[in-house]
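query.pdb (PDB, C-alpha atoms)
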ATOM      1  CA  ILE A   1      81.265 109.636  97.451
ATOM      2  CA  LEU A   2      79.357 106.468  98.332
ATOM      3  CA  ALA A   3      77.593 106.519  94.983
ATOM      4  CA  GLN A   4      80.949 107.045  93.289
ATOM      5  CA  ALA A   5      82.374 104.154  95.317
ATOM      6  CA  ILE A   6      79.636 101.762  94.255
ATOM      7  CA  SER A   7      79.987 102.817  90.627
ATOM      8  CA  LEU A   8      83.737 102.408  90.711
ATOM      9  CA  ALA A   9      83.471  99.080  92.472
ATOM     10  CA  HIS A  10      81.212  97.744  89.728
ATOM     11  CA  ARG A  11      83.639  99.058  87.118
ATOM     12  CA  ALA A  12      86.510  97.474  89.038
ATOM     13  CA  ARG A  13      84.637  94.146  89.166
ATOM     14  CA  ARG A  14      84.161  94.243  85.399
ATOM     15  CA  SER A  15      87.760  95.366  84.868
ATOM     16  CA  VAL A  16      89.226  92.617  87.039
ATOM     17  CA  VAL A  17      87.277  90.100  84.970
ATOM     18  CA  LEU A  18      88.592  91.698  81.812
ATOM     19  CA  CYS A  19      92.127  91.588  83.229
ATOM     20  CA  GLY A  20      91.736  87.863  83.670
ATOM     21  CA  LYS A  21      90.702  87.574  80.029
ATOM     22  CA  GLY A  22      93.631  89.678  78.848
ATOM     23  CA  LYS A  23      91.492  92.622  77.735
ATOM     24  CA  MET A  24      92.714  95.162  80.313
ATOM     25  CA  SER A  25      96.108  95.458  81.980
ATOM     26  CA  ALA A  26      96.606  96.199  85.652
ATOM     27  CA  ALA A  27      98.218  99.487  84.641
ATOM     28  CA  GLU A  28      95.065 100.520  82.780
ATOM     29  CA  LEU A  29      92.961  99.563  85.782
ATOM     30  CA  LYS A  30      95.253 101.591  88.037
ATOM     31  CA  GLU A  31      94.891 104.611  85.770
ATOM     32  CA  MET A  32      91.115 104.356  86.065
ATOM     33  CA  ILE A  33      91.216 104.135  89.869
ATOM     34  CA  SER A  34      93.953 106.732  90.364
ATOM     35  CA  LYS A  35      91.702 109.543  89.136
ATOM     36  CA  MET A  36      90.321 109.722  92.668
ATOM     37  CA  GLU A  37      92.022 111.671  95.457
ATOM     38  CA  HIS A  38      93.745 109.497  98.079
ATOM     39  CA  LYS A  39      91.506 110.726 100.926
ATOM     40  CA  ASP A  40      88.407 110.019  98.845
ATOM     41  CA  LEU A  41      89.688 106.562  98.006
ATOM     42  CA  LYS A  42      90.263 105.753 101.699
ATOM     43  CA  GLU A  43      86.780 106.991 102.592
ATOM     44  CA  MET A  44      85.342 105.053  99.703
ATOM     45  CA  LEU A  45      86.957 101.807 100.863
ATOM     46  CA  SER A  46      85.646 102.319 104.395
ATOM     47  CA  LYS A  47      82.047 102.589 103.136
ATOM     48  CA  MET A  48      82.089  99.716 100.680
ATOM     49  CA  SER A  49      80.743  96.255 101.340
ATOM     50  CA  ASP A  50      83.326  93.599 102.246
ATOM     51  CA  ASP A  51      82.969  92.062  98.804
ATOM     52  CA  HIS A  52      83.587  95.291  96.913
ATOM     53  CA  ASN A  53      86.315  96.397  99.344
ATOM     54  CA  THR A  54      88.251  93.180  98.844
ATOM     55  CA  LEU A  55      87.855  93.391  95.081
ATOM     56  CA  LEU A  56      89.087  96.968  94.787
ATOM     57  CA  THR A  57      91.935  96.441  97.258
ATOM     58  CA  LYS A  58      93.078  93.471  95.178
ATOM     59  CA  ALA A  59      92.929  95.596  92.026
ATOM     60  CA  LEU A  60      95.057  98.309  93.643
ATOM     61  CA  THR A  61      97.605  95.743  94.812
ATOM     62  CA  LEU A  62      97.885  94.227  91.353
ATOM     63  CA  ALA A  63      98.402  97.646  89.790
ATOM     64  CA  GLY A  64     100.995  98.979  92.242
ATOM     65  CA  LYS A  65     101.048 102.197  94.251
ATOM     66  CA  PRO A  66     102.653 105.526  93.238
ATOM     67  CA  GLY A  67     105.455 106.875  95.423
ATOM     68  CA  SER A  68     106.232 110.408  96.541
ATOM     69  CA  ASN A  69     108.982 110.895  93.916
ATOM     70  CA  MET A  70     107.977 109.714  90.450
ATOM     71  CA  ARG A  71     109.634 112.352  88.254
ATOM     72  CA  ARG A  72     112.114 109.833  86.831
ATOM     73  CA  ALA A  73     109.462 107.191  86.119
ATOM     74  CA  ILE A  74     110.114 107.152  82.373
ATOM     75  CA  TRP A  75     107.045 105.053  81.555
ATOM     76  CA  LEU A  76     104.885 107.973  82.727
ATOM     77  CA  TRP A  77     106.604 110.559  80.516
ATOM     78  CA  ASN A  78     104.496 112.203  77.823
ATOM     79  CA  GLU A  79     105.843 113.450  74.479
ATOM     80  CA  ASP A  80     106.864 116.846  75.861
ATOM     81  CA  VAL A  81     108.911 115.390  78.712
ATOM     82  CA  CYS A  82     110.547 112.898  76.332
ATOM     83  CA  ALA A  83     111.413 115.661  73.868
ATOM     84  CA  GLU A  84     113.042 117.687  76.653
ATOM     85  CA  ALA A  85     115.045 114.695  77.918
ATOM     86  CA  LEU A  86     116.178 113.679  74.429
ATOM     87  CA  GLY A  87     117.111 117.282  73.656
ATOM     88  CA  GLU A  88     119.643 117.238  76.482
ATOM     89  CA  ASN A  89     121.588 114.415  74.812
ATOM     90  CA  GLU A  90     122.985 116.359  71.832
ATOM     91  CA  LEU A  91     121.524 113.998  69.239
ATOM     92  CA  GLU A  92     122.885 114.341  65.720
ATOM     93  CA  GLY A  93     119.598 113.522  64.024
ATOM     94  CA  GLU A  94     116.066 114.806  64.463
ATOM     95  CA  ILE A  95     114.391 114.175  67.808
ATOM     96  CA  PRO A  96     111.552 111.687  67.195
ATOM     97  CA  LYS A  97     108.097 112.117  68.708
ATOM     98  CA  CYS A  98     107.572 109.494  71.385
ATOM     99  CA  ASN A  99     106.408 108.904  74.924
ATOM    100  CA  GLY A 100     108.229 107.159  77.745
ATOM    101  CA  LYS A 101     106.647 103.756  77.174
ATOM    102  CA  GLN A 102     107.724 103.751  73.532
ATOM    103  CA  LEU A 103     111.231 104.766  74.558
ATOM    104  CA  LEU A 104     111.518 101.953  77.095
ATOM    105  CA  MET A 105     110.063  99.312  74.788
ATOM    106  CA  GLU A 106     112.568 100.329  72.088
ATOM    107  CA  GLU A 107     109.841 101.259  69.632
ATOM    108  CA  VAL A 108     111.552 104.536  68.664
ATOM    109  CA  LYS A 109     113.703 104.850  65.541
ATOM    110  CA  PHE A 110     116.662 107.233  65.485
ATOM    111  CA  GLU A 111     118.247 108.579  62.300
ATOM    112  CA  LYS A 112     121.801 108.083  63.524
ATOM    113  CA  GLY A 113     123.212 104.933  65.119
ATOM    114  CA  ASP A 114     125.197 106.959  67.642
ATOM    115  CA  ASP A 115     121.976 108.643  68.762
ATOM    116  CA  GLN A 116     120.535 105.266  69.762
ATOM    117  CA  LYS A 117     123.590 104.573  71.905
ATOM    118  CA  LYS A 118     123.318 107.980  73.589
ATOM    119  CA  VAL A 119     119.641 107.419  74.354
ATOM    120  CA  ASP A 120     120.230 103.885  75.646
ATOM    121  CA  THR A 121     122.858 105.252  78.040
ATOM    122  CA  MET A 122     120.524 108.050  79.159
ATOM    123  CA  VAL A 123     117.595 105.684  79.736
ATOM    124  CA  LYS A 124     119.713 103.282  81.766
ATOM    125  CA  ARG A 125     121.066 106.074  83.941
ATOM    126  CA  VAL A 126     117.626 107.615  84.544
ATOM    127  CA  ILE A 127     116.271 104.207  85.570
ATOM    128  CA  GLN A 128     119.145 103.779  88.032
ATOM    129  CA  MET A 129     118.449 107.243  89.435
ATOM    130  CA  PHE A 130     114.755 106.337  89.721
ATOM    131  CA  MET A 131     115.666 103.297  91.816
ATOM    132  CA  GLU A 132     117.932 105.444  93.997
ATOM    133  CA  ASP A 133     115.064 107.919  94.380
ATOM    134  CA  GLN A 134     112.797 105.146  95.654
ATOM    135  CA  ALA A 135     115.435 103.949  98.117
ATOM    136  CA  GLN A 136     115.374 107.412  99.700
ATOM    137  CA  ALA A 137     111.742 108.395  99.123
ATOM    138  CA  GLU A 138     109.377 109.165 101.971
ATOM    139  CA  ILE A 139     106.830 106.936 100.203
ATOM    140  CA  PRO A 140     108.589 104.505  97.821
ATOM    141  CA  TYR A 141     106.862 103.384  94.652
ATOM    142  CA  VAL A 142     105.361  99.893  94.886
ATOM    143  CA  PRO A 143     105.331  98.226  91.457
ATOM    144  CA  PRO A 144     102.687  95.771  90.242
ATOM    145  CA  GLU A 145     102.836  92.401  91.991
ATOM    146  CA  SER A 146     104.310  90.703  88.936
ATOM    147  CA  ALA A 147     107.251  93.152  88.813
ATOM    148  CA  LYS A 148     108.235  93.340  92.492
ATOM    149  CA  GLY A 149     111.076  90.828  92.176
ATOM    150  CA  ARG A 150     113.206  93.334  90.265
ATOM    151  CA  ALA A 151     112.395  96.331  92.491
ATOM    152  CA  VAL A 152     115.860  96.547  94.049
ATOM    153  CA  TRP A 153     114.837  99.062  96.744
ATOM    154  CA  MET A 154     112.397  96.459  98.101
ATOM    155  CA  TRP A 155     114.987  93.669  98.412
ATOM    156  CA  ASN A 156     115.682  92.141 101.819
ATOM    157  CA  GLN A 157     119.096  90.980 103.038
ATOM    158  CA  ASP A 158     118.753  87.496 101.540
ATOM    159  CA  GLN A 159     117.894  88.902  98.120
ATOM    160  CA  VAL A 160     120.866  91.270  98.265
ATOM    161  CA  LYS A 161     123.160  88.427  99.326
ATOM    162  CA  GLU A 162     121.946  86.309  96.409
ATOM    163  CA  PHE A 163     122.523  89.171  93.986
ATOM    164  CA  LEU A 164     126.039  89.875  95.289
ATOM    165  CA  GLY A 165     126.824  86.179  95.044
ATOM    166  CA  GLU A 166     125.825  86.202  91.367
ATOM    167  CA  VAL A 167     128.226  89.087  90.669
ATOM    168  CA  GLU A 168     130.884  87.403  92.822
ATOM    169  CA  ILE A 169     131.269  90.176  95.402
ATOM    170  CA  GLU A 170     131.517  89.538  99.139
ATOM    171  CA  VAL A 171     130.142  92.564 100.985
ATOM    172  CA  ASP A 172     127.768  92.750 103.951
ATOM    173  CA  ILE A 173     124.768  94.850 102.868
ATOM    174  CA  ALA A 174     121.495  94.640 104.777
ATOM    175  CA  SER A 175     118.906  95.684 102.172
ATOM    176  CA  GLY A 176     118.225  96.839  98.647
ATOM    177  CA  LYS A 177     117.905 100.404  99.914
ATOM    178  CA  GLU A 178     121.423 100.242 101.330
ATOM    179  CA  LEU A 179     122.702  98.650  98.118
ATOM    180  CA  LEU A 180     121.410 101.640  96.153
ATOM    181  CA  THR A 181     122.705 104.279  98.592
ATOM    182  CA  ASP A 182     125.382 104.143 101.321
ATOM    183  CA  GLY A 183     126.240 100.514 100.605
ATOM    184  CA  ARG A 184     128.105 101.631  97.503
ATOM    185  CA  ASN A 185     130.868 102.942  99.773
ATOM    186  CA  LYS A 186     131.632  99.363 100.835
ATOM    187  CA  PHE A 187     132.748  98.258  97.370
ATOM    188  CA  LYS A 188     136.414  98.045  96.402
ATOM    189  CA  ASP A 189     137.932  99.403  93.199
ATOM    190  CA  GLY A 190     135.941  98.343  90.157
ATOM    191  CA  GLN A 191     133.216  96.589  92.142
ATOM    192  CA  ASP A 192     130.807  99.510  92.182
ATOM    193  CA  GLU A 193     131.014  99.889  88.396
ATOM    194  CA  LYS A 194     130.284  96.171  88.011
ATOM    195  CA  VAL A 195     127.307  96.334  90.374
ATOM    196  CA  GLN A 196     125.873  99.453  88.735
ATOM    197  CA  GLU A 197     126.125  97.858  85.303
ATOM    198  CA  VAL A 198     124.094  94.836  86.404
ATOM    199  CA  LEU A 199     121.606  96.943  88.385
ATOM    200  CA  GLY A 200     121.059  99.057  85.291
ATOM    201  CA  SER A 201     120.072  95.967  83.327
ATOM    202  CA  ILE A 202     117.773  94.800  86.139
ATOM    203  CA  GLY A 203     116.175  98.250  86.231
ATOM    204  CA  LYS A 204     115.534  98.188  82.480
ATOM    205  CA  MET A 205     113.798  94.822  82.790
ATOM    206  CA  LEU A 206     111.854  96.150  85.790
ATOM    207  CA  VAL A 207     110.308  99.078  83.948
ATOM    208  CA  GLN A 208     109.473  96.874  80.985
ATOM    209  CA  ASP A 209     107.750  94.486  83.399
ATOM    210  CA  ILE A 210     105.798  97.434  84.825
ATOM    211  CA  ILE A 211     104.639  98.457  81.351
ATOM    212  CA  MET A 212     103.605  94.911  80.485
ATOM    213  CA  ALA A 213     101.849  94.244  83.815
TER     214      ALA A 213
END
Translate this structure into structure tokens?
Amino acid sequence: ILAQAISLAHRARRSVVLCGKGKMSAAELKEMISKMEHKDLKEMLSKMSDDHNTLLTKALTLAGKPGSNMRRAIWLWNEDVCAEALGENELEGEIPKCNGKQLLMEEVKFEKGDDQKKVDTMVKRVIQMFMEDQAQAEIPYVPPESAKGRAVWMWNQDQVKEFLGEVEIEVDIASGKELLTDGRNKFKDGQDEKVQEVLGSIGKMLVQDIIMA
């Protein structure tokens, strides 16, 4: 493992440099590192020099950390998963070949205009469910550093208060996790729908930020 650690550290050093030059994204770096088992990665970090340890830890932080429930992380969907999800939406036209990233970045063309609307609604709802999953997950997903601001489940009380102020709702909610779960019971008629609409838009921007990180 030590030899693997040194090799990976050198690759990470080169990759971090390339990230700075715009040649490799943090997500690509994360994919390279994530091929190792978690226990091996921890052991690897413990045996590395301080210089290499700091470098690789920084790379992992920039790239984000997977959570224990990632099944609704659309950007990770391959063509088969996308085809299955699109097939559940009763599209009028042919189901296009695409992966989750293409779906989220709106790079997919649908034959019928109504199909696009159906898919947009599905994507927004799945993203909202993903955020709810993270609010209740044993190990929540940690997005790349540049995308954390829109990770609602990570919001503190001040961030929630600011958000509620922007949608003109006065409710005492302690955290983003509560906002996504039991806090919804505190809203009056029509308020929950308003909040969910805005959170859906924030979630869409979040996953696009994750892809672009």
Next item on the list: I need the residue set behind the PyMOL selection byres ((chain A and resi 151) around 12) for this file; please write it as an MDAnalysis selection string.
Entry: chainID A and resid 64 127:128 130:132 134:135 140:150 152:156 159:160 175:177 179:180 199:210
Check: atom CA of Glu107 of chain A and atom CA of Arg71 of chain A, how far apart in Å?
Finding: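 For atom CA of Arg71 of chain A relative to atom CA of Glu107 of chain A, the distance reads 21.7 Å.
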Notebook entry, point to check: To one decimal place, how far is atom CA of Lys186 of chain A from atom CA of Val171 of chain A in Å?
Noted result: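 So the answer is 7.0 Å.
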Next item on the list: Would you translate the PyMOL selection byres ((chain A and resi 165-168) around 12) into the concrete set of residues it matches in this file, as number ranges by chain?
Entry: A: 158-164, 169-173, 187, 191-199
Mind writing the picked residues with C-alpha atoms as a PDB file, in the coordinates of the input?
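What landed in part_26.pdb:
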ATOM      1  CA  ASP A 158     118.753  87.496 101.540  1.00  0.00           C
ATOM      2  CA  GLN A 159     117.894  88.902  98.120  1.00  0.00           C
ATOM      3  CA  VAL A 160     120.866  91.270  98.265  1.00  0.00           C
ATOM      4  CA  LYS A 161     123.160  88.427  99.326  1.00  0.00           C
ATOM      5  CA  GLU A 162     121.946  86.309  96.409  1.00  0.00           C
ATOM      6  CA  PHE A 163     122.523  89.171  93.986  1.00  0.00           C
ATOM      7  CA  LEU A 164     126.039  89.875  95.289  1.00  0.00           C
ATOM      8  CA  ILE A 169     131.269  90.176  95.402  1.00  0.00           C
ATOM      9  CA  GLU A 170     131.517  89.538  99.139  1.00  0.00           C
ATOM     10  CA  VAL A 171     130.142  92.564 100.985  1.00  0.00           C
ATOM     11  CA  ASP A 172     127.768  92.750 103.951  1.00  0.00           C
ATOM     12  CA  ILE A 173     124.768  94.850 102.868  1.00  0.00           C
ATOM     13  CA  PHE A 187     132.748  98.258  97.370  1.00  0.00           C
ATOM     14  CA  GLN A 191     133.216  96.589  92.142  1.00  0.00           C
ATOM     15  CA  ASP A 192     130.807  99.510  92.182  1.00  0.00           C
ATOM     16  CA  GLU A 193     131.014  99.889  88.396  1.00  0.00           C
ATOM     17  CA  LYS A 194     130.284  96.171  88.011  1.00  0.00           C
ATOM     18  CA  VAL A 195     127.307  96.334  90.374  1.00  0.00           C
ATOM     19  CA  GLN A 196     125.873  99.453  88.735  1.00  0.00           C
ATOM     20  CA  GLU A 197     126.125  97.858  85.303  1.00  0.00           C
ATOM     21  CA  VAL A 198     124.094  94.836  86.404  1.00  0.00           C
ATOM     22  CA  LEU A 199     121.606  96.943  88.385  1.00  0.00           C
TER      23      LEU A 199
END
Might you spell out which residues the PyMOL selection byres ((chain A and resi 74) around 10) would select in the displayed file, as a short mmCIF file (atom, residue, chain, number, x, y, z; two decimals) with C-alpha atoms, in the frame of the given file?
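Now in selection.cif:
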data_model
loop_
_atom_site.label_atom_id
_atom_site.label_comp_id
_atom_site.auth_asym_id
_atom_site.auth_seq_id
_atom_site.Cartn_x
_atom_site.Cartn_y
_atom_site.Cartn_z
CA MET A 70 107.98 109.71 90.45
CA ARG A 71 109.63 112.35 88.25
CA ARG A 72 112.11 109.83 86.83
CA ALA A 73 109.46 107.19 86.12
CA TRP A 75 107.04 105.05 81.56
CA LEU A 76 104.88 107.97 82.73
CA TRP A 77 106.60 110.56 80.52
CA ASN A 78 104.50 112.20 77.82
CA VAL A 81 108.91 115.39 78.71
CA CYS A 82 110.55 112.90 76.33
CA ASN A 99 106.41 108.90 74.92
CA GLY A 100 108.23 107.16 77.74
CA LYS A 101 106.65 103.76 77.17
CA GLN A 102 107.72 103.75 73.53
CA LEU A 103 111.23 104.77 74.56
CA LEU A 104 111.52 101.95 77.10
CA VAL A 123 117.60 105.68 79.74
CA VAL A 126 117.63 107.62 84.54
CA ILE A 127 116.27 104.21 85.57
CA PHE A 130 114.76 106.34 89.72
CA VAL A 207 110.31 99.08 83.95
#
Notebook entry, point to check: Any idea what the distance is between atom CA of Glu111 of chain A and atom CA of Lys97 of chain A?
Noted result: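 According to the coordinates, atom CA of Glu111 of chain A and atom CA of Lys97 of chain A are separated by 12.5 Å.
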Note to self: Restricting the calculation to all atoms listed in the file: of A:Ala85, A:Glu94, A:Met105, A:Thr121, which residue gets closest to Met212 of chain A?
What the structure shows: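 Under the stated criterion, the closest residue is A:Met105.
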Segment 151-161 of chain A: axis-aligned bounding box, 4 Å on each side, centre and edge lengths in Å, one decimal, as JSON:
{"center_x": 117.8, "center_y": 93.3, "center_z": 97.8, "size_x": 18.8, "size_y": 19.6, "size_z": 18.5}
Checklist line | Exercise: Asn89 of chain A partners within 12 Å, all atoms listed in the file, chain neighbours under 3 positions left out, as a list in words | finding: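 So the residues in contact are Cys82, Ala83, Glu84, Ala85, Leu86, Glu92, Gly93, Glu94, Ile95, Asp114, Asp115, Gln116, Lys117, Lys118, Val119, Asp120, Thr121, Met122 and Val123 of chain A.
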Notebook entry, point to check: In terms of the shortest atom-to-atom distance over all atoms listed in the file, which of A:Asp50, A:Lys109, A:Asp182, A:Asn69 is closest to Pro96 of chain A?
Noted result: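 Under the stated criterion, the closest residue is A:Lys109.
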Reconstructed N, CA, C and O atoms for segment 80-105 of chain A, given as a compact mmCIF listing (two decimals), keeping the file's coordinate frame:
# COMPACT_ATOMS: atom_id res chain seq x y z
N ASP A 80 106.12 115.62 75.53
CA ASP A 80 106.86 116.85 75.86
C ASP A 80 108.05 116.55 76.77
O ASP A 80 109.15 117.08 76.57
N VAL A 81 107.83 115.73 77.78
CA VAL A 81 108.91 115.39 78.71
C VAL A 81 109.99 114.60 77.98
O VAL A 81 111.19 114.82 78.19
N CYS A 82 109.58 113.68 77.12
CA CYS A 82 110.55 112.90 76.33
C CYS A 82 111.38 113.80 75.43
O CYS A 82 112.60 113.65 75.33
N ALA A 83 110.71 114.74 74.77
CA ALA A 83 111.41 115.66 73.87
C ALA A 83 112.45 116.47 74.63
O ALA A 83 113.58 116.68 74.15
N GLU A 84 112.10 116.91 75.83
CA GLU A 84 113.04 117.69 76.65
C GLU A 84 114.24 116.83 77.06
O GLU A 84 115.39 117.27 76.98
N ALA A 85 113.97 115.60 77.48
CA ALA A 85 115.04 114.70 77.92
C ALA A 85 115.96 114.33 76.75
O ALA A 85 117.20 114.35 76.88
N LEU A 86 115.37 114.03 75.60
CA LEU A 86 116.18 113.68 74.43
C LEU A 86 116.99 114.88 73.94
O LEU A 86 118.11 114.73 73.46
N GLY A 87 116.43 116.06 74.09
CA GLY A 87 117.11 117.28 73.66
C GLY A 87 118.36 117.58 74.44
O GLY A 87 119.25 118.31 73.98
N GLU A 88 118.47 117.02 75.63
CA GLU A 88 119.64 117.24 76.48
C GLU A 88 120.79 116.30 76.13
O GLU A 88 121.87 116.38 76.72
N ASN A 89 120.58 115.42 75.15
CA ASN A 89 121.59 114.42 74.81
C ASN A 89 122.38 114.72 73.54
O ASN A 89 123.13 113.87 73.07
N GLU A 90 122.21 115.92 73.01
CA GLU A 90 122.98 116.36 71.83
C GLU A 90 122.92 115.33 70.70
O GLU A 90 123.94 114.89 70.16
N LEU A 91 121.70 114.95 70.33
CA LEU A 91 121.52 114.00 69.24
C LEU A 91 121.90 114.64 67.91
O LEU A 91 121.65 115.82 67.68
N GLU A 92 122.48 113.84 67.03
CA GLU A 92 122.88 114.34 65.72
C GLU A 92 121.70 114.44 64.76
O GLU A 92 121.65 115.32 63.91
N GLY A 93 120.77 113.53 64.89
CA GLY A 93 119.60 113.52 64.02
C GLY A 93 118.41 114.23 64.65
O GLY A 93 118.50 114.80 65.75
N GLU A 94 117.29 114.17 63.97
CA GLU A 94 116.07 114.81 64.46
C GLU A 94 115.53 114.05 65.68
O GLU A 94 115.64 112.83 65.77
N ILE A 95 114.97 114.79 66.62
CA ILE A 95 114.39 114.18 67.81
C ILE A 95 113.02 113.61 67.45
O ILE A 95 112.12 114.35 67.06
N PRO A 96 112.84 112.29 67.57
CA PRO A 96 111.55 111.69 67.19
C PRO A 96 110.47 111.96 68.23
O PRO A 96 110.76 112.14 69.41
N LYS A 97 109.22 111.98 67.78
CA LYS A 97 108.10 112.12 68.71
C LYS A 97 107.85 110.76 69.36
O LYS A 97 107.68 109.76 68.67
N CYS A 98 107.82 110.75 70.68
CA CYS A 98 107.57 109.49 71.39
C CYS A 98 107.22 109.79 72.83
O CYS A 98 107.45 110.89 73.33
N ASN A 99 106.63 108.79 73.49
CA ASN A 99 106.41 108.90 74.92
C ASN A 99 107.36 107.95 75.65
O ASN A 99 108.13 107.21 75.02
N GLY A 100 107.30 107.96 76.97
CA GLY A 100 108.23 107.16 77.74
C GLY A 100 108.09 105.66 77.53
O GLY A 100 109.08 104.93 77.48
N LYS A 101 106.87 105.19 77.39
CA LYS A 101 106.65 103.76 77.17
C LYS A 101 107.30 103.31 75.87
O LYS A 101 107.94 102.26 75.81
N GLN A 102 107.13 104.10 74.82
CA GLN A 102 107.72 103.75 73.53
C GLN A 102 109.24 103.74 73.62
O GLN A 102 109.91 102.90 73.03
N LEU A 103 109.79 104.68 74.38
CA LEU A 103 111.23 104.77 74.56
C LEU A 103 111.76 103.52 75.27
O LEU A 103 112.76 102.93 74.84
N LEU A 104 111.08 103.10 76.30
CA LEU A 104 111.52 101.95 77.10
C LEU A 104 111.35 100.63 76.36
O LEU A 104 112.13 99.70 76.55
N MET A 105 110.32 100.55 75.52
CA MET A 105 110.06 99.31 74.79
C MET A 105 110.82 99.27 73.46
O MET A 105 110.59 98.39 72.63
